[in-house]
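*Asks:* Sharing a structure here in structure tokens format.
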Amino acid sequence: MSKHFYIFLCLTICVLPNTDAAQTRLTDHCFYSPLGSIDGYIYYTKDVSGDNFDIWRTSCNGTGETRITNDPEKETLFDIYSNKTKIAYLKESFSCDYINTMDVDGENSMTIYSTENKISAIKVSPDNSVLAFVEHESDGYYGTLYLINLNIKMLSYCKTFTLRDNSCVSKLGIEKA
């Protein structure tokens, strides 16, 4: 008798819905890329027009969706400063890639680097003083890791590597595209 009760109990537990783990849909759009959360807001990119992604934020309960950027370029790669006051992000156009920084509310946006080559990764250091990024030459096979001192906006060369060599970027916490 106890064996049948145990099987019934197991089947009942497995069949009943777990309301604590239920997902809540915050938005109704299909193309997103999450960025992170800052002070009760979730930041993400969203493609509304079908040809570019802008940065948006919404409260953790899904209310108050706000567009942070609104321009023809596509915002794709991001990193949030550890003090959660700024966002570093990549803007892509047809002719250039731009690395920008801005306050988390979208104010004080500025371009700190631009190139005709492709940028495949960006990462802000834990002390918010250095931004690392990988720039690929026109053949796309070789990449170069650069560092920008954010305090004085000075660019430094770090290392050139192939797409198969991940040792340089993995030490800085950058994932290759």
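Numbering starts fresh at 1 for the residues of each chain in the structure tokens, the chains themselves are lettered A, B, ... in the order given, and ligands are numbered from 1 as they appear.
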Neighbouring residues of Ile68 (chain A) were defined as those with any atom within 8 Å, considering only C-alpha atoms; residues of the same chain fewer than 3 positions away were excluded. Please report them as a list in words.
*Replies:* Asp54, Ile55, Trp56, Arg57, Asp105 and Gly106 of chain A
*Asks:* Choose the residue, out of A:Leu77, A:Val104, A:Leu90, A:Val134, that has the smallest atom-to-atom separation from Asp39 (chain A); count only C-alpha atoms.
*Replies:*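 Ranking A:Leu77, A:Val104, A:Leu90, A:Val134 by distance to Asp39 (chain A), first place goes to A:Val104.
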*Asks:* Give me every strand (DSSP E or B) residue in region 51-129 of chain A, going by DSSP on the backbone, as a PyMOL selection string.
*Replies:* chain A and resi 54-59+66-67+74-80+86-92+97-103+110-115+118-124
*Asks:* So that I have them on file, write out the residues from the current selection with C-alpha atoms, as a PDB file, in the first residue's frame.
*Replies:*
ATOM      1  CA  ASP A  54      18.350  50.395 -29.902  1.00  0.00           C
ATOM      2  CA  ILE A  55      18.944  50.211 -26.161  1.00  0.00           C
ATOM      3  CA  TRP A  56      15.816  50.058 -23.994  1.00  0.00           C
ATOM      4  CA  ARG A  57      15.090  49.644 -20.312  1.00  0.00           C
ATOM      5  CA  THR A  58      12.085  48.499 -18.312  1.00  0.00           C
ATOM      6  CA  SER A  59      11.404  48.050 -14.627  1.00  0.00           C
ATOM      7  CA  THR A  66      11.800  53.452 -22.123  1.00  0.00           C
ATOM      8  CA  ARG A  67      13.922  53.786 -25.258  1.00  0.00           C
ATOM      9  CA  LYS A  74      22.654  49.415 -34.601  1.00  0.00           C
ATOM     10  CA  GLU A  75      23.713  49.091 -30.943  1.00  0.00           C
ATOM     11  CA  THR A  76      25.034  45.570 -30.434  1.00  0.00           C
ATOM     12  CA  LEU A  77      27.807  44.903 -27.864  1.00  0.00           C
ATOM     13  CA  PHE A  78      27.632  46.272 -24.324  1.00  0.00           C
ATOM     14  CA  ASP A  79      29.197  46.348 -20.933  1.00  0.00           C
ATOM     15  CA  ILE A  80      27.948  48.037 -17.785  1.00  0.00           C
ATOM     16  CA  LYS A  86      27.565  54.210 -17.327  1.00  0.00           C
ATOM     17  CA  ILE A  87      27.226  51.828 -20.243  1.00  0.00           C
ATOM     18  CA  ALA A  88      29.883  51.200 -22.890  1.00  0.00           C
ATOM     19  CA  TYR A  89      28.383  50.020 -26.174  1.00  0.00           C
ATOM     20  CA  LEU A  90      29.133  49.406 -29.823  1.00  0.00           C
ATOM     21  CA  LYS A  91      27.290  51.265 -32.584  1.00  0.00           C
ATOM     22  CA  GLU A  92      27.500  49.730 -36.040  1.00  0.00           C
ATOM     23  CA  ASP A  97      31.990  50.788 -35.914  1.00  0.00           C
ATOM     24  CA  TYR A  98      31.877  53.219 -32.977  1.00  0.00           C
ATOM     25  CA  ILE A  99      32.534  52.611 -29.295  1.00  0.00           C
ATOM     26  CA  ASN A 100      30.384  54.924 -27.204  1.00  0.00           C
ATOM     27  CA  THR A 101      29.794  55.511 -23.534  1.00  0.00           C
ATOM     28  CA  MET A 102      26.728  57.067 -21.915  1.00  0.00           C
ATOM     29  CA  ASP A 103      25.052  57.476 -18.563  1.00  0.00           C
ATOM     30  CA  MET A 110      29.969  60.241 -26.538  1.00  0.00           C
ATOM     31  CA  THR A 111      32.013  58.386 -29.122  1.00  0.00           C
ATOM     32  CA  ILE A 112      35.397  57.396 -27.726  1.00  0.00           C
ATOM     33  CA  TYR A 113      36.659  55.369 -30.713  1.00  0.00           C
ATOM     34  CA  SER A 114      35.696  54.708 -34.334  1.00  0.00           C
ATOM     35  CA  THR A 115      37.084  52.467 -37.061  1.00  0.00           C
ATOM     36  CA  LYS A 118      34.826  45.415 -37.308  1.00  0.00           C
ATOM     37  CA  ILE A 119      34.836  45.350 -33.507  1.00  0.00           C
ATOM     38  CA  SER A 120      33.876  41.999 -32.005  1.00  0.00           C
ATOM     39  CA  ALA A 121      34.126  42.464 -28.224  1.00  0.00           C
ATOM     40  CA  ILE A 122      34.177  45.221 -25.602  1.00  0.00           C
ATOM     41  CA  LYS A 123      34.770  45.001 -21.852  1.00  0.00           C
ATOM     42  CA  VAL A 124      35.180  47.637 -19.125  1.00  0.00           C
TER      43      VAL A 124
END
*Asks:* In Å, how far is it from CA of Tyr41 (chain A) to CA of Lys84 (chain A)?
*Replies:*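 Answer for the CA of Tyr41 (chain A) to CA of Lys84 (chain A) separation: 11.2 Å.
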